[in-house]
Amino acid sequence: MKGLLFFAFLGMTAEIAAGVGITVTVFSVTSKNMIVRWTRFPDATSYKVTVSPFSTPDDPTAFAQFGPNTVMGSVGPLSPNIVYEVKVEALANQVVLSTTFLESRTAPQTVDIDNVKAQDSSTLIVAFTPVGGATGYQLRVENAQGYFSEEAVASSPALIGSLQPYTTYSLSIMAINSAGRSQPSASVEARTLLPPPLVTTSSPTNDSIVVSWLPADGSVSYSVTSVPAEAYPNTTLLSQNTTTVTLTDLDAGTLHIIQVYGWDQEGRKGEASPYINQTTRPATPGLFTVTVERSPGQAWLNVSWEPVFQDRGAVEYTVNSSLDLQCTTTQLHCILEPIGCAEMHILHLVAANEAGPSTPTEPELFGTFPCPPQPVEVEESDPGNCTFSWESVELADGYQGFIKRNDGVEDVCNTTGNSCHFHCPCGFTYLTSVLAYNLAGDSEPGPVLNYTTMPCCPDHVTITAATTDTFEVTWAESRGADAYETHAVDGGVALVCNDSAPVCVLSDLRCDRPYTVTVTPCSEARGCNRACPAHLKDTPPCTPTDLSLAQGNGSSVTVSWAAENRDANYTVSAVGPRGRHTCWSDARSCEVDALTCGSSYNFIAVAHSAAGQSLPSYSVPLETAPCCPASLEVDPVTQAMSNVSWSHARGADSFVTTLTSPRGHASCHTRDPHCLMGCITCGTNYTVTMETYSRSGHMANCSYQGFSSSACCPSGIKLYRTAGSGLRVHWRPSSGGHNYTVEMTGSTNYTCSPLPGQSSCDLENIQCGNIYVLLVAPLAADGTRVEFCHQRLYLVTCSGYNLGMVIYRGKQFVD
């Protein structure tokens, strides 16, 4: 199979040459010929293959010609390991239609096997002479039973393994290079060696070894070797029928290395068995000693002895007791456990190694200590005084009682009787036991009797009101308590809390009530100590209810509530966006003042007493009346209309503003911070009032100091020419004796300011031929001009170089 695969590999990797219209490959190569394959060419009547040495391409070595239907052909003879040039021509009546060239090397020359010899029962060693140009070798192995194998080797000598023992094989070899492989060499026959015998050994006694093996086909005799040689001084050829040998007179506990091999009829030594290590059994141990060793609650026998000789490996010792106890060890001592009181043991010792056990020693008789007495009970005649008693045992000269408290304090009682007395305070557990003793030694302590006194009452009991209906009770842990019962009694109603921690929360208590609280310690062993003192504690006052609010002036509220507490004070808080306002009372109402306008408050009430503080009442909301604007301004728009504006008012959502005067009043309702109002004539004194409303309808009345409207505009304004280039302005003044200003603007601006009380003034050096805007307006007390008076348009014409006619063109408001 290996050869077939290699051949296919050469075919797949052969060189390919492509010419014009034809493709050529080398299918296979040997050392003397090659097989070439090509593709068909149209109209070709034959194909010619020519092979020439690559170094002398004009000197052909061989050629062959094939018919039109042939696409593969062999060319030879050739020389081994030579590079050839291969030319393939497609012909039509000896006319070349297409030519293709390629290069290929022939396989190496044939190799000869020099010799073959057996290395062992599954391996042959093959020696051969290498040939030039070979990159490797292929060994072919086969036998008459149909075995066939090919194996690649790199050099001589080569090992051929995995063969059958004592079997004849035929071997041949082929040389390999990149082109292919040579013809096989002449076959050579060789036989593998006999297989190694399957050997077993044993040591039936401490001075002998038995060697056994299975017979092998082809063996005519066997040899047995042993190290050290004293065990079997001569290597003897044994007959084929002999498969067992006993080696005698050996030393006990010594190692022997044994090997067996067979001989075939040709006198060849077969493959030897693996070395087998076999040790003789150890000698019988000498005398041994026995001692008793003990620890609390257990005892054992410690057996020790002298070692026996062993030149390899460990000796294992086993001690057996007649009471079904056994121990095995490689040390020189061994423990037998557990042992009890008043036991009689018959002991013997055996040494063993990998070969087996030795002969047992002579038996040894050994007895143990007396049994412990059994405790009966512990009695507490009165609190703090206890008596421990037990049953008497035979052969006891006296007793020793042990009392150990769970805090580590111990007491010992020596007596010839059967009881001991000891002090036993509350909250302790006592472990009691007793042992008997005589001249032979002490017994083991008897079973432990457990006695627990009542748990102690807890100290430092503290009761804290966590809430109006909850007590948190804490105390120092009491000795001997596993859990605690906490009782709170109010008249005939009792609340109980069970916990193992020194803290308890009693819930669902009634507010403003006196409770009797008792902490009772309990233990699983003794139950509960009901003799502990009680403690009196009041719960905090009850929560005020039914809060009602009565709003007084804009900054105070009277709060009243319902509460049924025995003795309590009350705190009422109003919490708003700008802080907290508080009042205190020992009655059922109080007044909260200094509240801020335009704010929302939540009112709560809390009761206080020496027992603590109640939960806060449910909150009641209240909204105070909105604030008044801090500032208000009235600005005239015309002689009969004014614009009223005001600053922000906290809490106000809408405004009703009213202006009142002897000549009438005006009002507006708006959500804006300004309002345009009519019916207020010029030169009038009036008052301003305002109502501010919150979103929820709360109202505040606001009033402001008196206001005066602006002076009225003059009437009857006339414009006259004066001598020269001047104009005189004349008017009828309004009531009130105001001062006036006169302005005329055009291409040139002109002004004049008449004296107080006058109603005319002159404008000089007027340029004619222009349109002028004339304004006559009174002055306010601060000297500013009233802005709502009409402007008048005039056309001033020219008459020669002097002013001509003054023509009135109409009027307009001041911008």
# chains A, B, ... in the order shown; residues from 1 in each chain; ligands from 1
>>> residues_around(residues="segment 357-369 of chain A", least_positions_apart="6", cutoff="6 Å", atoms="only C-alpha atoms", output="VMD selection string")
chain A and resid 282 to 284 341 to 351
>>> select_by_dssp(residues="segment 397-612 of chain A", states="strand (DSSP E or B)", output="ChimeraX atom specification")
/A:398-405,410-415,419-424,429-438,441-442,449-452,462-467,470-474,483-490,493-499,503-506,514-523,527-528,534-538,545-551,557-562,569-576,579-585,589-592,600-609,612
>>> residues_around(residues="Phe63 of chain A", least_positions_apart="4", cutoff="9 Å", atoms="only C-alpha atoms", output="number ranges by chain")
A: 48-52, 75-76
>>> write_last_selection(atoms="all heavy atoms", output="short mmCIF file (atom, residue, chain, number, x, y, z; two decimals), in the first residue's frame")
data_model
loop_
_atom_site.label_atom_id
_atom_site.label_comp_id
_atom_site.auth_asym_id
_atom_site.auth_seq_id
_atom_site.Cartn_x
_atom_site.Cartn_y
_atom_site.Cartn_z
N LYS A 48 4.95 11.60 -31.81
CA LYS A 48 6.33 11.13 -31.69
C LYS A 48 6.92 11.67 -30.40
O LYS A 48 6.84 12.87 -30.12
CB LYS A 48 7.17 11.60 -32.87
CG LYS A 48 8.63 11.09 -32.83
CD LYS A 48 9.39 11.56 -34.07
CE LYS A 48 10.84 11.06 -34.05
NZ LYS A 48 11.59 11.53 -35.23
N VAL A 49 7.52 10.75 -29.59
CA VAL A 49 8.14 11.13 -28.33
C VAL A 49 9.63 10.87 -28.46
O VAL A 49 10.04 9.75 -28.77
CB VAL A 49 7.56 10.34 -27.16
CG1 VAL A 49 8.25 10.76 -25.86
CG2 VAL A 49 6.06 10.54 -27.05
N THR A 50 10.46 11.93 -28.21
CA THR A 50 11.91 11.83 -28.32
C THR A 50 12.52 12.23 -26.99
O THR A 50 12.15 13.27 -26.42
CB THR A 50 12.45 12.75 -29.43
OG1 THR A 50 11.77 12.44 -30.65
CG2 THR A 50 13.95 12.57 -29.60
N VAL A 51 13.49 11.40 -26.49
CA VAL A 51 14.14 11.66 -25.21
C VAL A 51 15.62 11.87 -25.46
O VAL A 51 16.28 11.01 -26.07
CB VAL A 51 13.91 10.51 -24.22
CG1 VAL A 51 14.61 10.81 -22.89
CG2 VAL A 51 12.43 10.29 -23.98
N SER A 52 16.17 13.02 -24.98
CA SER A 52 17.59 13.35 -25.15
C SER A 52 18.15 13.80 -23.81
O SER A 52 17.44 14.40 -23.00
CB SER A 52 17.77 14.48 -26.17
OG SER A 52 17.15 14.16 -27.39
N VAL A 75 8.90 5.20 -23.09
CA VAL A 75 10.11 5.43 -23.88
C VAL A 75 11.29 4.89 -23.10
O VAL A 75 11.43 5.15 -21.91
CB VAL A 75 10.29 6.93 -24.17
CG1 VAL A 75 11.51 7.14 -25.04
CG2 VAL A 75 9.06 7.50 -24.85
N GLY A 76 12.18 4.16 -23.75
CA GLY A 76 13.37 3.62 -23.11
C GLY A 76 14.21 2.86 -24.15
O GLY A 76 13.83 2.77 -25.34
#
>>> atom_distance(atom1="atom CA of Leu301 of chain A", atom2="atom CA of Gln374 of chain A")
24.2 Å
>>> closest_atom_pairs(of="segment 536-631 of chain A", to="segment 651-662 of chain A", cutoff="8 Å", atoms="only C-alpha atoms", output="Markdown table")
| residue | atom | partner | partner_atom | distance |
| --- | --- | --- | --- | --- |
| A:Cys597 | CA | A:Gly651 | CA | 7.4 |
| A:Gly598 | CA | A:Gly651 | CA | 3.9 |
| A:Ser599 | CA | A:Gly651 | CA | 6.4 |
| A:Ala625 | CA | A:Gly651 | CA | 7.5 |
| A:Pro626 | CA | A:Gly651 | CA | 4.5 |
| A:Cys627 | CA | A:Gly651 | CA | 6.4 |
>>> write_last_selection(atoms="C-alpha atoms", output="short mmCIF file (atom, residue, chain, number, x, y, z; two decimals), in the first residue's frame")
data_model
loop_
_atom_site.label_atom_id
_atom_site.label_comp_id
_atom_site.auth_asym_id
_atom_site.auth_seq_id
_atom_site.Cartn_x
_atom_site.Cartn_y
_atom_site.Cartn_z
CA CYS A 597 -48.39 86.78 52.82
CA GLY A 598 -48.84 84.88 49.59
CA SER A 599 -47.40 81.62 51.00
CA ALA A 625 -53.74 86.06 51.47
CA PRO A 626 -51.59 87.28 48.59
CA CYS A 627 -49.18 90.18 49.10
#
>>> residues_around(residues="Asn569 of chain A", least_positions_apart="5", cutoff="9 Å", atoms="only C-alpha atoms", output="list of chain:residue names")
A:Trp584, A:Ser585, A:Asp586, A:Ala587, A:Val606, A:Ala607, A:His608, A:Ser609
>>> closest_residue(among="A:Thr61, A:Thr106, A:Thr39, A:Thr692", to="Trp646 of chain A", atoms="only C-alpha atoms")
A:Thr692
>>> residues_around(residues="Arg588 of chain A", least_positions_apart="2", cutoff="10 Å", atoms="only C-alpha atoms", output="list in words")
Pro544, Leu547, Val559, Ser560, Trp561, Ala562, Ala563, Glu564, Asn569, Tyr570, Trp584, Ser585, Asp586 and Cys590 of chain A
>>> closest_residue(among="A:Gln259, A:Thr745, A:Thr45, A:Thr279", to="Tyr794 of chain A", atoms="only C-alpha atoms")
A:Thr745
>>> residues_around(residues="Asn765 of chain A", least_positions_apart="5", cutoff="10 Å", atoms="only C-alpha atoms", output="NGL selection string")
:A and (724-727 or 750 or 803)
>>> write_last_selection(atoms="C-alpha atoms", output="tab-separated table (two decimals), in the first residue's frame")
chain	number	residue	atom	x	y	z
A	724	GLY	CA	-39.18	142.21	11.55
A	725	SER	CA	-38.74	138.44	11.28
A	726	GLY	CA	-40.33	137.38	14.57
A	727	LEU	CA	-43.45	135.39	15.57
A	750	TYR	CA	-36.72	127.65	17.99
A	803	LEU	CA	-42.15	137.07	6.61
>>> atom_distance(atom1="atom CA of Gly664 of chain A", atom2="atom CA of Met641 of chain A")
12.6 Å
>>> closest_residue(among="A:Pro204, A:Thr243, A:Gly491, A:Arg294", to="Gly356 of chain A", atoms="only C-alpha atoms")
A:Pro204
>>> closest_atom_pairs(of="segment 172-199 of chain A", to="segment 215-220 of chain A", cutoff="10 Å", atoms="only C-alpha atoms", output="tab-separated table")
residue	atom	partner	partner_atom	distance
A:Leu193	CA	A:Gly218	CA	9.6
A:Leu194	CA	A:Gly218	CA	7.1
A:Pro195	CA	A:Ala216	CA	7.3
A:Pro196	CA	A:Ala216	CA	8.3
A:Pro197	CA	A:Ala216	CA	6.7
A:Leu198	CA	A:Pro215	CA	8.3
A:Val199	CA	A:Pro215	CA	9.9
>>> write_last_selection(atoms="N, CA and C atoms", output="CSV table (one decimal), in the first residue's frame")
chain,number,residue,atom,x,y,z
A,193,LEU,N,13.8,-13.4,16.1
A,193,LEU,CA,14.2,-14.2,17.3
A,193,LEU,C,13.0,-14.8,18.0
A,194,LEU,N,13.3,-15.7,18.9
A,194,LEU,CA,12.2,-16.3,19.7
A,194,LEU,C,11.7,-15.1,20.6
A,195,PRO,N,10.4,-15.1,21.0
A,195,PRO,CA,9.9,-14.1,21.9
A,195,PRO,C,10.3,-14.3,23.3
A,196,PRO,N,10.3,-13.3,24.2
A,196,PRO,CA,10.7,-13.5,25.6
A,196,PRO,C,9.6,-14.3,26.3
A,197,PRO,N,10.0,-15.3,27.1
A,197,PRO,CA,9.1,-16.1,27.9
A,197,PRO,C,8.3,-15.2,28.8
A,198,LEU,N,7.0,-15.6,29.1
A,198,LEU,CA,6.2,-15.0,30.1
A,198,LEU,C,6.5,-15.6,31.4
A,199,VAL,N,7.2,-14.9,32.3
A,199,VAL,CA,7.7,-15.5,33.5
A,199,VAL,C,7.0,-15.0,34.8
>>> residues_around(residues="Lys404 of chain A", least_positions_apart="2", cutoff="8 Å", atoms="only C-alpha atoms", output="number ranges by chain")
A: 402, 406, 408-411, 430-432
>>> write_last_selection(atoms="all heavy atoms", output="PDB file, in the first residue's frame")
ATOM      1  N   PHE A 402     -15.110  14.338  89.360  1.00  0.00           N
ATOM      2  CA  PHE A 402     -14.678  15.545  88.657  1.00  0.00           C
ATOM      3  C   PHE A 402     -15.910  16.398  88.362  1.00  0.00           C
ATOM      4  O   PHE A 402     -16.908  15.903  87.805  1.00  0.00           O
ATOM      5  CB  PHE A 402     -13.962  15.217  87.361  1.00  0.00           C
ATOM      6  CG  PHE A 402     -12.726  14.375  87.553  1.00  0.00           C
ATOM      7  CD1 PHE A 402     -12.797  12.992  87.498  1.00  0.00           C
ATOM      8  CD2 PHE A 402     -11.508  14.974  87.812  1.00  0.00           C
ATOM      9  CE1 PHE A 402     -11.670  12.217  87.675  1.00  0.00           C
ATOM     10  CE2 PHE A 402     -10.381  14.192  87.993  1.00  0.00           C
ATOM     11  CZ  PHE A 402     -10.454  12.809  87.934  1.00  0.00           C
ATOM     12  N   ASN A 406     -18.968  25.335  83.144  1.00  0.00           N
ATOM     13  CA  ASN A 406     -18.772  25.731  81.739  1.00  0.00           C
ATOM     14  C   ASN A 406     -17.957  27.007  81.581  1.00  0.00           C
ATOM     15  O   ASN A 406     -17.654  27.408  80.458  1.00  0.00           O
ATOM     16  CB  ASN A 406     -20.115  25.886  81.013  1.00  0.00           C
ATOM     17  CG  ASN A 406     -21.034  26.899  81.673  1.00  0.00           C
ATOM     18  OD1 ASN A 406     -20.788  27.338  82.780  1.00  0.00           O
ATOM     19  ND2 ASN A 406     -22.104  27.256  80.994  1.00  0.00           N
ATOM     20  N   GLY A 408     -14.950  27.037  82.938  1.00  0.00           N
ATOM     21  CA  GLY A 408     -13.609  26.513  83.097  1.00  0.00           C
ATOM     22  C   GLY A 408     -13.213  26.179  84.520  1.00  0.00           C
ATOM     23  O   GLY A 408     -12.169  25.551  84.744  1.00  0.00           O
ATOM     24  N   VAL A 409     -13.987  26.574  85.502  1.00  0.00           N
ATOM     25  CA  VAL A 409     -13.647  26.261  86.894  1.00  0.00           C
ATOM     26  C   VAL A 409     -13.863  24.772  87.150  1.00  0.00           C
ATOM     27  O   VAL A 409     -14.884  24.200  86.753  1.00  0.00           O
ATOM     28  CB  VAL A 409     -14.519  27.101  87.857  1.00  0.00           C
ATOM     29  CG1 VAL A 409     -14.259  26.699  89.303  1.00  0.00           C
ATOM     30  CG2 VAL A 409     -14.237  28.592  87.651  1.00  0.00           C
ATOM     31  N   GLU A 410     -12.884  24.131  87.777  1.00  0.00           N
ATOM     32  CA  GLU A 410     -12.937  22.696  88.027  1.00  0.00           C
ATOM     33  C   GLU A 410     -12.833  22.407  89.525  1.00  0.00           C
ATOM     34  O   GLU A 410     -12.224  23.171  90.281  1.00  0.00           O
ATOM     35  CB  GLU A 410     -11.822  21.980  87.272  1.00  0.00           C
ATOM     36  CG  GLU A 410     -11.918  22.092  85.763  1.00  0.00           C
ATOM     37  CD  GLU A 410     -10.815  21.316  85.074  1.00  0.00           C
ATOM     38  OE1 GLU A 410      -9.963  20.751  85.793  1.00  0.00           O
ATOM     39  OE2 GLU A 410     -10.816  21.275  83.832  1.00  0.00           O
ATOM     40  N   ASP A 411     -13.400  21.258  89.913  1.00  0.00           N
ATOM     41  CA  ASP A 411     -13.300  20.797  91.300  1.00  0.00           C
ATOM     42  C   ASP A 411     -13.123  19.278  91.273  1.00  0.00           C
ATOM     43  O   ASP A 411     -13.626  18.604  90.359  1.00  0.00           O
ATOM     44  CB  ASP A 411     -14.567  21.179  92.078  1.00  0.00           C
ATOM     45  CG  ASP A 411     -14.393  20.976  93.578  1.00  0.00           C
ATOM     46  OD1 ASP A 411     -13.239  20.770  94.020  1.00  0.00           O
ATOM     47  OD2 ASP A 411     -15.411  21.028  94.290  1.00  0.00           O
ATOM     48  N   TYR A 430     -22.857  22.232  84.593  1.00  0.00           N
ATOM     49  CA  TYR A 430     -21.830  21.457  85.287  1.00  0.00           C
ATOM     50  C   TYR A 430     -21.711  20.094  84.626  1.00  0.00           C
ATOM     51  O   TYR A 430     -22.712  19.401  84.397  1.00  0.00           O
ATOM     52  CB  TYR A 430     -22.184  21.297  86.766  1.00  0.00           C
ATOM     53  CG  TYR A 430     -22.275  22.624  87.483  1.00  0.00           C
ATOM     54  CD1 TYR A 430     -23.473  23.324  87.507  1.00  0.00           C
ATOM     55  CD2 TYR A 430     -21.163  23.173  88.103  1.00  0.00           C
ATOM     56  CE1 TYR A 430     -23.561  24.556  88.138  1.00  0.00           C
ATOM     57  CE2 TYR A 430     -21.245  24.404  88.746  1.00  0.00           C
ATOM     58  CZ  TYR A 430     -22.440  25.098  88.762  1.00  0.00           C
ATOM     59  OH  TYR A 430     -22.528  26.306  89.372  1.00  0.00           O
ATOM     60  N   LEU A 431     -20.470  19.713  84.264  1.00  0.00           N
ATOM     61  CA  LEU A 431     -20.174  18.395  83.704  1.00  0.00           C
ATOM     62  C   LEU A 431     -19.532  17.565  84.810  1.00  0.00           C
ATOM     63  O   LEU A 431     -18.464  17.930  85.334  1.00  0.00           O
ATOM     64  CB  LEU A 431     -19.243  18.514  82.498  1.00  0.00           C
ATOM     65  CG  LEU A 431     -19.734  19.418  81.350  1.00  0.00           C
ATOM     66  CD1 LEU A 431     -18.706  19.475  80.247  1.00  0.00           C
ATOM     67  CD2 LEU A 431     -21.065  18.915  80.821  1.00  0.00           C
ATOM     68  N   THR A 432     -20.167  16.457  85.172  1.00  0.00           N
ATOM     69  CA  THR A 432     -19.676  15.628  86.281  1.00  0.00           C
ATOM     70  C   THR A 432     -19.350  14.235  85.777  1.00  0.00           C
ATOM     71  O   THR A 432     -20.068  13.681  84.926  1.00  0.00           O
ATOM     72  CB  THR A 432     -20.731  15.540  87.396  1.00  0.00           C
ATOM     73  OG1 THR A 432     -21.919  14.962  86.869  1.00  0.00           O
ATOM     74  CG2 THR A 432     -21.055  16.928  87.958  1.00  0.00           C
TER      75      THR A 432
END
>>> closest_residue(among="A:Ser523, A:Asp762, A:Glu394, A:Val376", to="Thr429 of chain A", atoms="only C-alpha atoms")
A:Ser523
>>> atom_distance(atom1="atom CA of Met454 of chain A", atom2="atom CA of Cys426 of chain A")
5.3 Å
>>> closest_residue(among="A:Ser759, A:Ser753, A:Asn206, A:Thr30", to="Pro733 of chain A", atoms="only C-alpha atoms")
A:Ser759
